[in-house]
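Note: the block below is entry.cif and it holds mmCIF, C-alpha atoms and all ligand atoms.
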data_input
#
loop_
_atom_site.label_atom_id
_atom_site.label_comp_id
_atom_site.auth_asym_id
_atom_site.auth_seq_id
_atom_site.Cartn_x
_atom_site.Cartn_y
_atom_site.Cartn_z
CA MET A 1 116.79 75.47 87.74
CA ASN A 2 118.04 76.13 84.25
CA ILE A 3 115.64 78.44 82.47
CA VAL A 4 115.92 79.17 78.77
CA TYR A 5 114.53 82.62 78.05
CA LYS A 6 112.92 82.68 74.66
CA PHE A 7 113.66 85.73 72.52
CA ARG A 8 111.33 86.43 69.63
CA ASP A 9 112.52 85.79 66.13
CA GLU A 10 111.33 88.66 63.97
CA THR A 11 111.85 89.03 60.27
CA ASN A 12 113.56 92.22 59.05
CA GLU A 13 110.24 93.43 57.68
CA GLU A 14 108.54 92.95 61.03
CA ILE A 15 111.38 94.74 62.78
CA GLU A 16 111.07 97.75 60.46
CA LYS A 17 107.32 97.93 61.04
CA ILE A 18 107.65 97.63 64.80
CA LYS A 19 110.51 100.11 64.96
CA SER A 20 108.52 102.86 63.35
CA ASN A 21 105.70 102.27 65.85
CA PHE A 22 106.87 102.93 69.35
CA LEU A 23 104.67 102.07 72.27
CA LEU A 24 106.41 104.59 74.50
CA GLU A 25 108.88 107.31 73.60
CA VAL A 26 110.51 109.48 76.21
CA ASN A 27 112.74 112.38 75.18
CA HIS A 28 114.58 114.94 77.30
CA LEU A 29 112.50 114.10 80.35
CA SER A 30 113.32 115.96 83.53
CA LEU A 31 111.73 115.93 86.96
CA THR A 32 112.53 118.60 89.50
CA ILE A 33 111.27 118.50 93.07
CA GLU A 34 110.71 121.85 94.72
CA ARG A 35 111.41 121.76 98.40
CA VAL A 36 111.39 124.48 101.00
CA GLY A 37 114.79 124.39 102.62
CA LYS A 38 116.16 126.25 105.63
CA GLY A 39 114.41 129.57 106.21
CA SER A 40 112.13 130.19 103.28
CA ASP A 41 114.64 129.25 100.59
CA VAL A 42 113.27 127.02 97.88
CA GLU A 43 115.57 124.19 96.92
CA HIS A 44 115.38 122.46 93.55
CA LEU A 45 116.21 118.77 93.39
CA HIS A 46 117.01 117.74 89.84
CA VAL A 47 116.23 114.06 90.27
CA ILE A 48 115.78 113.34 86.56
CA ARG A 49 117.78 115.57 84.27
CA ASP A 50 117.71 114.26 80.73
CA PHE A 51 116.13 110.90 80.29
CA HIS A 52 115.53 109.10 77.00
CA LEU A 53 113.90 105.79 76.28
CA ASN A 54 111.89 104.12 73.62
CA ILE A 55 110.21 100.77 73.56
CA HIS A 56 108.02 98.87 71.17
CA GLN A 57 105.60 96.00 71.64
CA GLY A 58 107.17 92.67 72.47
CA GLU A 59 110.32 94.30 73.73
CA VAL A 60 111.96 94.26 77.16
CA VAL A 61 113.93 97.39 77.97
CA ALA A 62 115.85 97.43 81.24
CA ILE A 63 116.63 100.71 82.96
CA VAL A 64 119.69 100.00 85.05
CA GLY A 65 120.86 102.44 87.69
CA ALA A 66 122.21 102.68 91.21
CA SER A 67 120.09 102.94 94.32
CA GLY A 68 118.64 106.42 94.82
CA SER A 69 119.32 107.46 91.24
CA GLY A 70 115.67 108.38 90.58
CA LYS A 71 114.40 105.20 88.97
CA SER A 72 111.17 104.96 90.92
CA LEU A 73 110.40 108.63 90.37
CA LEU A 74 110.94 108.02 86.69
CA ALA A 75 108.29 105.29 86.71
CA ASP A 76 105.98 107.58 88.69
CA ALA A 77 106.54 110.41 86.20
CA ILE A 78 105.58 108.20 83.26
CA LEU A 79 102.44 107.04 85.09
CA GLY A 80 101.49 110.51 86.33
CA ILE A 81 101.74 109.61 90.03
CA HIS A 82 104.81 111.75 90.80
CA PRO A 83 104.83 113.98 93.90
CA LYS A 84 102.71 117.14 93.72
CA ASN A 85 105.69 119.38 94.39
CA SER A 86 107.51 118.14 91.31
CA LEU A 87 107.73 119.61 87.84
CA ILE A 88 108.00 117.43 84.75
CA GLU A 89 109.43 118.74 81.50
CA GLY A 90 110.19 117.03 78.23
CA ASN A 91 108.41 114.83 75.83
CA ILE A 92 106.52 111.59 76.44
CA LYS A 93 104.53 109.89 73.72
CA TYR A 94 102.41 106.79 74.03
CA GLU A 95 101.41 105.13 70.75
CA ASN A 96 102.62 108.22 68.87
CA GLN A 97 100.38 110.63 70.79
CA PRO A 98 101.55 112.99 73.55
CA LEU A 99 101.10 111.42 76.97
CA THR A 100 99.42 114.27 78.84
CA GLU A 101 98.60 114.05 82.54
CA LYS A 102 94.93 113.54 81.63
CA ARG A 103 95.81 110.70 79.27
CA LYS A 104 98.13 109.10 81.84
CA LYS A 105 95.20 108.91 84.24
CA ARG A 106 92.99 107.32 81.61
CA LEU A 107 95.60 104.76 80.54
CA ARG A 108 96.80 103.81 84.02
CA GLY A 109 95.68 100.27 84.82
CA ASN A 110 94.03 99.96 81.38
CA ASP A 111 96.91 100.29 78.93
CA ILE A 112 99.84 100.81 81.26
CA LEU A 113 100.41 98.82 84.43
CA LEU A 114 102.92 99.54 87.16
CA ILE A 115 104.38 96.69 89.16
CA PRO A 116 105.48 98.85 92.07
CA GLN A 117 108.69 98.55 94.03
CA MET A 118 106.78 98.68 97.31
CA THR A 119 104.86 95.49 97.84
CA ASN A 120 102.13 97.18 99.88
CA ALA A 121 100.36 98.58 96.83
CA LEU A 122 97.47 96.11 96.75
CA ASP A 123 94.14 96.72 98.45
CA PRO A 124 94.84 95.36 101.97
CA LEU A 125 91.29 94.15 102.59
CA MET A 126 90.45 92.54 99.28
CA LYS A 127 91.20 88.90 98.45
CA ALA A 128 94.14 88.57 96.06
CA GLY A 129 92.10 86.64 93.49
CA LYS A 130 89.37 89.28 93.44
CA GLN A 131 91.96 91.97 92.76
CA VAL A 132 93.14 90.07 89.71
CA GLU A 133 89.51 89.46 88.64
CA SER A 134 88.90 93.19 88.45
CA PHE A 135 91.06 93.20 85.29
CA ILE A 136 88.89 90.62 83.52
CA LYS A 137 85.88 91.55 81.41
CA GLN A 138 84.71 88.06 80.39
CA LYS A 139 82.55 85.59 82.34
CA ASN A 140 84.01 82.75 84.45
CA LYS A 141 86.41 85.16 86.09
CA GLN A 142 87.35 82.84 88.96
CA LYS A 143 88.29 80.02 86.59
CA ILE A 144 90.39 82.38 84.43
CA VAL A 145 92.19 83.69 87.52
CA LYS A 146 92.93 80.20 88.78
CA ASP A 147 94.38 79.24 85.39
CA ILE A 148 96.56 82.35 85.45
CA PHE A 149 97.66 81.59 89.02
CA GLN A 150 98.86 78.22 87.82
CA LYS A 151 100.83 79.89 85.02
CA VAL A 152 102.60 82.22 87.43
CA GLY A 153 103.23 79.55 90.05
CA LEU A 154 100.68 80.64 92.66
CA ASP A 155 98.78 78.07 94.70
CA PRO A 156 94.98 78.20 94.04
CA ALA A 157 94.47 78.85 97.77
CA VAL A 158 96.14 82.26 97.34
CA TYR A 159 92.94 83.37 95.59
CA HIS A 160 91.24 83.72 98.97
CA GLN A 161 94.14 85.30 100.83
CA ILE A 162 94.51 88.98 101.63
CA PRO A 163 97.79 90.73 100.72
CA SER A 164 99.18 90.95 104.28
CA THR A 165 99.43 87.14 104.36
CA LEU A 166 101.55 87.02 101.18
CA SER A 167 105.30 87.37 100.73
CA GLY A 168 106.88 90.07 98.54
CA GLY A 169 107.62 87.48 95.87
CA MET A 170 104.00 86.28 95.83
CA ILE A 171 102.72 89.86 95.58
CA ARG A 172 104.89 90.41 92.50
CA ARG A 173 103.36 87.26 91.00
CA ILE A 174 99.91 88.71 91.71
CA PHE A 175 100.91 91.76 89.66
CA ILE A 176 102.18 89.52 86.84
CA ALA A 177 98.82 87.71 87.04
CA MET A 178 97.04 91.08 86.75
CA ALA A 179 99.09 91.91 83.66
CA LEU A 180 98.21 88.53 82.11
CA ALA A 181 94.53 88.94 82.98
CA SER A 182 94.39 92.44 81.56
CA LYS A 183 94.82 93.92 78.13
CA VAL A 184 97.61 96.28 79.22
CA LYS A 185 100.20 96.85 76.52
CA LEU A 186 102.95 98.40 78.60
CA ILE A 187 104.19 97.08 81.93
CA ILE A 188 106.59 99.07 84.06
CA ALA A 189 108.14 96.79 86.67
CA ASP A 190 110.04 98.71 89.37
CA GLU A 191 112.76 96.55 90.93
CA PRO A 192 110.74 93.36 90.39
CA THR A 193 113.58 91.07 91.47
CA ASN A 194 114.27 92.72 94.83
CA GLY A 195 114.48 90.30 97.72
CA LEU A 196 114.01 87.17 95.60
CA ASP A 197 116.26 84.13 95.89
CA ALA A 198 118.03 82.91 92.75
CA GLU A 199 115.28 80.49 91.75
CA ALA A 200 112.39 82.89 92.34
CA LEU A 201 114.32 85.58 90.48
CA ASP A 202 114.74 83.40 87.41
CA GLU A 203 111.07 82.46 87.50
CA LEU A 204 110.02 86.08 87.70
CA LEU A 205 112.26 87.00 84.77
CA PHE A 206 110.74 84.12 82.85
CA GLN A 207 107.26 85.48 83.53
CA LEU A 208 108.21 89.00 82.44
CA LYS A 209 109.64 87.54 79.25
CA MET A 210 106.42 85.57 78.78
CA LEU A 211 104.49 88.86 78.93
CA ALA A 212 106.82 90.36 76.32
CA ASN A 213 106.37 87.35 74.06
CA ASP A 214 102.64 87.98 74.42
CA ASN A 215 103.39 91.27 72.60
CA ARG A 216 103.46 93.61 75.58
CA GLY A 217 106.25 96.11 76.15
CA ILE A 218 108.15 95.64 79.41
CA VAL A 219 110.15 98.38 81.08
CA MET A 220 112.14 96.67 83.80
CA ILE A 221 113.66 99.06 86.32
CA THR A 222 116.51 97.50 88.24
CA HIS A 223 119.87 97.97 89.92
CA ASP A 224 120.71 94.39 88.90
CA LEU A 225 122.56 94.45 85.57
CA GLU A 226 122.99 90.69 85.65
CA ALA A 227 119.22 90.13 85.82
CA ALA A 228 118.68 92.73 83.09
CA MET A 229 121.16 90.95 80.83
CA LYS A 230 119.10 87.76 81.05
CA ILE A 231 115.90 89.05 79.46
CA ALA A 232 116.30 92.59 78.15
CA ASP A 233 116.53 93.39 74.46
CA LYS A 234 117.89 96.83 75.26
CA ILE A 235 119.65 98.19 78.32
CA ALA A 236 119.26 101.86 79.19
CA VAL A 237 121.92 102.86 81.69
CA PHE A 238 120.81 105.57 84.09
CA TYR A 239 123.26 107.78 85.96
CA ALA A 240 122.61 111.05 87.78
CA GLY A 241 119.13 111.28 86.28
CA GLU A 242 120.37 110.89 82.72
CA THR A 243 120.35 108.11 80.17
CA VAL A 244 124.09 107.69 79.57
CA GLU A 245 123.78 104.76 77.21
CA ILE A 246 121.23 102.64 75.37
CA ALA A 247 122.80 99.35 74.37
CA ASP A 248 121.57 96.33 72.51
CA ARG A 249 121.98 93.34 74.80
CA LYS A 250 123.12 91.11 71.96
CA ASN A 251 125.95 93.50 71.10
CA VAL A 252 127.03 93.80 74.71
CA ARG A 253 127.14 90.03 74.94
CA LYS A 254 129.10 89.73 71.71
CA ALA A 255 131.58 92.57 72.23
CA GLY A 256 131.74 91.95 75.95
CA LYS A 257 131.38 95.55 76.93
CA PHE A 258 129.40 98.73 76.97
CA ARG A 259 130.52 102.04 75.49
CA HIS A 260 130.06 104.55 78.31
CA PRO A 261 132.69 104.53 81.10
CA TYR A 262 129.95 104.34 83.79
CA SER A 263 128.23 101.38 82.10
CA ARG A 264 131.60 99.71 81.74
CA ALA A 265 132.18 100.18 85.48
CA LEU A 266 128.81 98.50 86.18
CA TRP A 267 129.76 95.68 83.84
CA ASN A 268 133.19 95.16 85.41
CA ALA A 269 131.60 95.03 88.85
CA LEU A 270 129.71 91.84 87.95
CA PRO A 271 131.17 88.74 89.60
CA GLN A 272 131.80 87.03 86.25
CA ASN A 273 133.69 90.09 84.98
CA GLY A 274 136.14 90.40 87.84
CA PHE A 275 134.09 92.05 90.60
CA VAL A 276 135.92 95.37 90.18
CA PRO A 277 134.39 97.75 92.75
CA ILE A 278 132.71 100.88 91.35
CA GLU A 279 134.55 103.92 92.60
CA CYS A 280 131.93 106.55 92.15
CA SER A 281 128.78 107.88 93.72
CA GLN A 282 125.87 109.84 92.29
CA PRO A 283 126.10 113.63 92.27
CA SER A 284 123.51 115.13 94.60
CA PRO A 285 120.24 116.08 92.89
CA ALA A 286 120.63 119.52 94.46
CA GLU A 287 123.82 120.08 92.47
CA GLU A 288 123.88 121.97 89.17
CA ILE A 289 125.98 119.88 86.80
CA ILE A 290 128.16 121.59 84.22
CA GLY A 291 129.67 119.26 81.68
CA CYS A 292 129.45 115.49 81.86
CA SER A 293 127.75 114.16 85.01
CA PHE A 294 130.35 111.38 85.28
CA ALA A 295 133.44 113.54 84.63
CA SER A 296 134.74 113.63 88.20
CA TYR A 297 134.91 109.82 88.39
CA CYS A 298 135.79 109.02 84.80
CA PRO A 299 139.29 107.69 84.15
CA GLU A 300 139.11 108.99 80.59
CA ALA A 301 137.79 112.49 81.30
CA THR A 302 139.42 115.49 79.63
CA LYS A 303 139.08 119.21 80.27
CA ARG A 304 136.22 119.34 77.78
CA CYS A 305 134.18 116.83 79.85
CA GLY A 306 134.24 119.21 82.80
CA THR A 307 132.89 122.16 80.86
CA GLU A 308 130.67 120.85 78.09
CA LYS A 309 127.68 118.53 78.45
CA PRO A 310 127.75 115.62 76.01
CA GLU A 311 124.44 114.94 74.29
CA LEU A 312 123.08 111.44 73.90
CA ARG A 313 124.00 110.52 70.33
CA GLU A 314 123.17 107.56 68.18
CA VAL A 315 126.12 105.31 67.46
CA GLU A 316 124.56 102.39 65.64
CA ASN A 317 121.11 100.95 64.92
CA GLY A 318 119.37 102.73 67.76
CA GLU A 319 122.24 102.29 70.20
CA MET A 320 123.12 105.54 71.92
CA VAL A 321 125.81 106.95 74.13
CA ARG A 322 126.40 110.18 76.03
CA CYS A 323 130.18 110.54 75.86
CA PHE A 324 132.49 112.52 73.58
CA TYR A 325 134.98 109.71 73.33
CA ALA A 326 132.97 106.48 73.31
N1 LIG A 401 108.74 112.91 97.32
C1 LIG A 401 110.05 113.17 97.35
N2 LIG A 401 110.49 114.37 97.81
C2 LIG A 401 111.82 114.66 97.83
N3 LIG A 401 112.79 113.80 97.42
C3 LIG A 401 112.40 112.61 96.95
C4 LIG A 401 111.02 112.23 96.89
N4 LIG A 401 110.95 110.96 96.39
C5 LIG A 401 112.24 110.59 96.16
N5 LIG A 401 113.10 111.57 96.48
C6 LIG A 401 114.56 111.54 96.32
O1 LIG A 401 114.84 111.41 94.93
C7 LIG A 401 115.92 110.52 94.70
C8 LIG A 401 115.51 109.38 93.83
O2 LIG A 401 114.58 108.53 94.50
P1 LIG A 401 114.00 107.21 93.83
O3 LIG A 401 113.19 106.50 94.83
O4 LIG A 401 113.33 107.54 92.55
O5 LIG A 401 115.35 106.41 93.53
P2 LIG A 401 115.54 104.89 93.03
O6 LIG A 401 116.56 104.93 91.95
O7 LIG A 401 114.22 104.30 92.71
O8 LIG A 401 116.17 104.21 94.32
P3 LIG A 401 116.05 102.69 94.86
O9 LIG A 401 117.08 101.92 94.11
O10 LIG A 401 116.39 102.84 96.29
O11 LIG A 401 114.68 102.22 94.61
C9 LIG A 401 116.41 110.09 96.09
O12 LIG A 401 117.49 110.91 96.42
C10 LIG A 401 115.20 110.33 96.98
O13 LIG A 401 115.60 110.61 98.29
NI NI A 402 113.23 102.69 93.41
#
Take the structure from the file and write it as structure tokens.
Ligand SMILES: Nc1ncnc2c1ncn2[C@@H]1O[C@H](COP(=O)(O)OP(=O)(O)OP(=O)(O)O)[C@@H](O)[C@H]1O
Ligand code: NI
Amino acid sequence: MNIVYKFRDETNEEIEKIKSNFLLEVNHLSLTIERVGKGSDVEHLHVIRDFHLNIHQGEVVAIVGASGSGKSLLADAILGIHPKNSLIEGNIKYENQPLTEKRKKRLRGNDILLIPQMTNALDPLMKAGKQVESFIKQKNKQKIVKDIFQKVGLDPAVYHQIPSTLSGGMIRRIFIAMALASKVKLIIADEPTNGLDAEALDELLFQLKMLANDNRGIVMITHDLEAAMKIADKIAVFYAGETVEIADRKNVRKAGKFRHPYSRALWNALPQNGFVPIECSQPSPAEEIIGCSFASYCPEATKRCGTEKPELREVENGEMVRCFYA
């Protein structure tokens, strides 16, 4: 199947207006898990160290990072469903107001919807259609749900099925249906393309893009840079719990590369870019990092990189990079 993903055409004026009105802004976010280690020692796991992101309505921002890099915990932190033994610091704003834990609870499912990585998040005993209906306020709920099912490629019979009879791909479509049925403005999709074949993957990306074109903000969390490049407006590259780069997809396409050495390694590992294996792993969250988190793997690292932490700095029109030399 050859899908054409439609990107919105905004005038400069619209862009200025939207840009000054972020849906979600995350600055200097950290999440530390406190764990009792051997004996009675308390161990601190710095899973998220310094994360930045902003997104406005109608935009798709992909957070791209390796497996185990803390992406799911990041989603949980934004939604306020992080583990009890974790501490969150930093700044999160939703529609220009601080996103406190109390507010997260109020907005969850109403303004902000999580499409979870685990596909067992639905009510196991309730019919799929009924679960989507719970997001609809108007009358004729069943008819509305069936229309939405058609839009997302679900057979009408799925309405009466319970989640255990559905595949992972179908469950993700149920979540997309929930987003369409609801008035949520921000959708955080955690690894939505996992386990999908090429055709189902493209369809799912198409549906996420459809939600964005319906003026919702989409945060797509993924380890799949190729999928991200298909629909994202911006790519936030996540390494060792930090945003190391925020790139505009159009510029990456045009210039053919990212700025940060880690992002470039991800890019070069794509089949179409030569399949160069990535020779690095993530530092352990238990480790204190001095200097740049990528220094020990970076081919361009200098002495400075090992001793001084680079801040995320703006390079151009909202694009950012955390590297002294990029
Ligand atoms: N409740 C918890 N207590 C302690 N450590 C945890 C907890 N949840 C996650 N971790 C650890 O935090 C790190 C990040 O986990 P997380 O699931 O957020 O990564 P991820 O980037 O989403 O990975 P994946 O690509 O596998 O989905 C991992 O090392 C994981 O083992
Ligand atoms: Ni995850």
request  = To one decimal in Å, tell me the separation between atom CA of A:Ala269 and atom CA of A:Ala77.
outcome  = 29.5 Å
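Taking atom CA of A:Ile81 and atom C8 of ligand LIG 401 (chain A) as endpoints, the distance between them is 14.3 Å.
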Selection as a list of chain:residue names: residues within 8 Å of ligand LIG 401 (chain A) by all atoms listed in the file =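 With all atoms listed in the file and a cut-off of 8 Å, ligand LIG 401 (chain A) is contacted by A:Ile33, A:Glu34, A:Arg35, A:Leu45, A:Val47, A:Gly65, A:Ala66, A:Ser67, A:Gly68, A:Ser69, A:Gly70, A:Lys71, A:Ser72, A:Leu73, A:Leu74, A:His82, A:Pro83, A:Asn85, A:Gln117, A:Asp190, A:Glu191, A:Thr222, A:His223, A:Ser284, A:Pro285.
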inquiry  = Just checking: using all atoms listed in the file, which residue out of A:Pro192, A:Lys230, A:Gly256, A:Lys309 ends up closest to ligand NI 402 (chain A)?
reply    =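 Ranked by minimum distance to ligand NI 402 (chain A), first place goes to A:Pro192.
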inquiry  = Excluding A:Met126 and its own-chain neighbours fewer than 5 positions away, which residues fall within 12 Å of it when counting all atoms listed in the file? Please give them as a PyMOL selection string.
reply    = chain A and resi 121+131-134+158-165
Among the residues A:Asp76, A:Glu226, A:Glu95, A:Asp147, the one that comes closest to ligand NI 402 (chain A) [using only C-alpha atoms and all ligand atoms] =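 Among the listed residues, A:Asp76 lies closest to ligand NI 402 (chain A).
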Take every atom of stretch 222-235 of chain A listed in the file, fit an axis-aligned box around them, add 8 Å per side, and give the centre and edge lengths in Å to one decimal as JSON.
{"center_x": 119.4, "center_y": 93.0, "center_z": 82.2, "size_x": 23.1, "size_y": 26.4, "size_z": 31.5}
query = So how many Å separate atom CA of A:Met118 and atom CA of A:Gly195, to one decimal?
reply = 11.4 Å
query = Skipping near chain neighbours, those fewer than 4 positions away, what residues fall within 7 Å of stretch 169-176 of chain A using only C-alpha atoms, listed as a PyMOL selection string?
reply = chain A and resi 115+119+152+180+192+196
For stretch 182-185 of chain A, find every residue with an atom within 10 Å (counting all atoms listed in the file), except residues of its own chain fewer than 4 positions away, and show them as an mmCIF file with C-alpha atoms, in the coordinates of the input.
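Heads up, here's the output in result25.cif:
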data_model
loop_
_atom_site.group_PDB
_atom_site.id
_atom_site.type_symbol
_atom_site.label_atom_id
_atom_site.label_comp_id
_atom_site.auth_asym_id
_atom_site.auth_seq_id
_atom_site.Cartn_x
_atom_site.Cartn_y
_atom_site.Cartn_z
ATOM 1 C CA LEU A 23 104.670 102.070 72.270
ATOM 2 C CA HIS A 56 108.020 98.870 71.170
ATOM 3 C CA GLN A 57 105.600 96.000 71.640
ATOM 4 C CA GLY A 58 107.170 92.670 72.470
ATOM 5 C CA LEU A 107 95.600 104.760 80.540
ATOM 6 C CA ARG A 108 96.800 103.810 84.020
ATOM 7 C CA GLY A 109 95.680 100.270 84.820
ATOM 8 C CA ASN A 110 94.030 99.960 81.380
ATOM 9 C CA ASP A 111 96.910 100.290 78.930
ATOM 10 C CA ILE A 112 99.840 100.810 81.260
ATOM 11 C CA LEU A 113 100.410 98.820 84.430
ATOM 12 C CA VAL A 132 93.140 90.070 89.710
ATOM 13 C CA GLU A 133 89.510 89.460 88.640
ATOM 14 C CA SER A 134 88.900 93.190 88.450
ATOM 15 C CA PHE A 135 91.060 93.200 85.290
ATOM 16 C CA ILE A 136 88.890 90.620 83.520
ATOM 17 C CA LYS A 137 85.880 91.550 81.410
ATOM 18 C CA ILE A 176 102.180 89.520 86.840
ATOM 19 C CA ALA A 177 98.820 87.710 87.040
ATOM 20 C CA MET A 178 97.040 91.080 86.750
ATOM 21 C CA LEU A 211 104.490 88.860 78.930
ATOM 22 C CA ALA A 212 106.820 90.360 76.320
ATOM 23 C CA ASP A 214 102.640 87.980 74.420
ATOM 24 C CA ASN A 215 103.390 91.270 72.600
ATOM 25 C CA ARG A 216 103.460 93.610 75.580
ATOM 26 C CA GLY A 217 106.250 96.110 76.150
ATOM 27 C CA ILE A 218 108.150 95.640 79.410
#
query = Within 12 Å of (117.7, 81.3, 80.8), all atoms listed in the file: residues as a PyMOL selection string?
reply = chain A and resi 1-7+199+201-207+209+226-232
Requested write-out: C-alpha atoms of the selected residues, as an mmCIF file, in the frame of the given file:
data_model
loop_
_atom_site.group_PDB
_atom_site.id
_atom_site.type_symbol
_atom_site.label_atom_id
_atom_site.label_comp_id
_atom_site.auth_asym_id
_atom_site.auth_seq_id
_atom_site.Cartn_x
_atom_site.Cartn_y
_atom_site.Cartn_z
ATOM 1 C CA MET A 1 116.790 75.470 87.740
ATOM 2 C CA ASN A 2 118.040 76.130 84.250
ATOM 3 C CA ILE A 3 115.640 78.440 82.470
ATOM 4 C CA VAL A 4 115.920 79.170 78.770
ATOM 5 C CA TYR A 5 114.530 82.620 78.050
ATOM 6 C CA LYS A 6 112.920 82.680 74.660
ATOM 7 C CA PHE A 7 113.660 85.730 72.520
ATOM 8 C CA GLU A 199 115.280 80.490 91.750
ATOM 9 C CA LEU A 201 114.320 85.580 90.480
ATOM 10 C CA ASP A 202 114.740 83.400 87.410
ATOM 11 C CA GLU A 203 111.070 82.460 87.500
ATOM 12 C CA LEU A 204 110.020 86.080 87.700
ATOM 13 C CA LEU A 205 112.260 87.000 84.770
ATOM 14 C CA PHE A 206 110.740 84.120 82.850
ATOM 15 C CA GLN A 207 107.260 85.480 83.530
ATOM 16 C CA LYS A 209 109.640 87.540 79.250
ATOM 17 C CA GLU A 226 122.990 90.690 85.650
ATOM 18 C CA ALA A 227 119.220 90.130 85.820
ATOM 19 C CA ALA A 228 118.680 92.730 83.090
ATOM 20 C CA MET A 229 121.160 90.950 80.830
ATOM 21 C CA LYS A 230 119.100 87.760 81.050
ATOM 22 C CA ILE A 231 115.900 89.050 79.460
ATOM 23 C CA ALA A 232 116.300 92.590 78.150
#
Incomplete stretch 269-280 of chain A filled out to N, CA, C and O atoms as a PDB file, in the coordinates of the input:
ATOM      1  N   ALA A 269     131.888  95.344  87.453  1.00  0.00           N
ATOM      2  CA  ALA A 269     131.600  95.030  88.850  1.00  0.00           C
ATOM      3  C   ALA A 269     130.855  93.698  88.994  1.00  0.00           C
ATOM      4  O   ALA A 269     130.694  93.182  90.102  1.00  0.00           O
ATOM      5  N   LEU A 270     130.399  93.132  87.876  1.00  0.00           N
ATOM      6  CA  LEU A 270     129.710  91.840  87.950  1.00  0.00           C
ATOM      7  C   LEU A 270     130.711  90.746  88.332  1.00  0.00           C
ATOM      8  O   LEU A 270     131.863  90.777  87.887  1.00  0.00           O
ATOM      9  N   PRO A 271     130.259  89.785  89.145  1.00  0.00           N
ATOM     10  CA  PRO A 271     131.170  88.740  89.600  1.00  0.00           C
ATOM     11  C   PRO A 271     131.905  88.047  88.441  1.00  0.00           C
ATOM     12  O   PRO A 271     133.117  87.850  88.508  1.00  0.00           O
ATOM     13  N   GLN A 272     131.174  87.755  87.360  1.00  0.00           N
ATOM     14  CA  GLN A 272     131.800  87.030  86.250  1.00  0.00           C
ATOM     15  C   GLN A 272     132.789  87.886  85.455  1.00  0.00           C
ATOM     16  O   GLN A 272     133.525  87.386  84.630  1.00  0.00           O
ATOM     17  N   ASN A 273     132.782  89.207  85.715  1.00  0.00           N
ATOM     18  CA  ASN A 273     133.690  90.090  84.980  1.00  0.00           C
ATOM     19  C   ASN A 273     134.795  90.640  85.870  1.00  0.00           C
ATOM     20  O   ASN A 273     135.405  91.663  85.560  1.00  0.00           O
ATOM     21  N   GLY A 274     134.987  90.020  87.014  1.00  0.00           N
ATOM     22  CA  GLY A 274     136.140  90.400  87.840  1.00  0.00           C
ATOM     23  C   GLY A 274     135.808  91.123  89.122  1.00  0.00           C
ATOM     24  O   GLY A 274     136.695  91.401  89.919  1.00  0.00           O
ATOM     25  N   PHE A 275     134.494  91.481  89.308  1.00  0.00           N
ATOM     26  CA  PHE A 275     134.090  92.050  90.600  1.00  0.00           C
ATOM     27  C   PHE A 275     134.836  93.340  90.925  1.00  0.00           C
ATOM     28  O   PHE A 275     135.157  93.602  92.075  1.00  0.00           O
ATOM     29  N   VAL A 276     135.167  94.133  89.924  1.00  0.00           N
ATOM     30  CA  VAL A 276     135.920  95.370  90.180  1.00  0.00           C
ATOM     31  C   VAL A 276     134.992  96.376  90.864  1.00  0.00           C
ATOM     32  O   VAL A 276     133.935  96.705  90.319  1.00  0.00           O
ATOM     33  N   PRO A 277     135.319  96.834  92.072  1.00  0.00           N
ATOM     34  CA  PRO A 277     134.390  97.750  92.750  1.00  0.00           C
ATOM     35  C   PRO A 277     134.208  99.057  91.980  1.00  0.00           C
ATOM     36  O   PRO A 277     135.140  99.532  91.329  1.00  0.00           O
ATOM     37  N   ILE A 278     132.987  99.613  92.050  1.00  0.00           N
ATOM     38  CA  ILE A 278     132.710 100.880  91.350  1.00  0.00           C
ATOM     39  C   ILE A 278     133.149 102.030  92.245  1.00  0.00           C
ATOM     40  O   ILE A 278     132.654 102.169  93.359  1.00  0.00           O
ATOM     41  N   GLU A 279     134.066 102.819  91.753  1.00  0.00           N
ATOM     42  CA  GLU A 279     134.550 103.920  92.600  1.00  0.00           C
ATOM     43  C   GLU A 279     133.891 105.224  92.186  1.00  0.00           C
ATOM     44  O   GLU A 279     134.520 106.114  91.640  1.00  0.00           O
ATOM     45  N   CYS A 280     132.599 105.285  92.422  1.00  0.00           N
ATOM     46  CA  CYS A 280     131.930 106.550  92.150  1.00  0.00           C
ATOM     47  C   CYS A 280     130.629 106.576  92.932  1.00  0.00           C
ATOM     48  O   CYS A 280     130.128 105.561  93.373  1.00  0.00           O
TER      49      CYS A 280
END
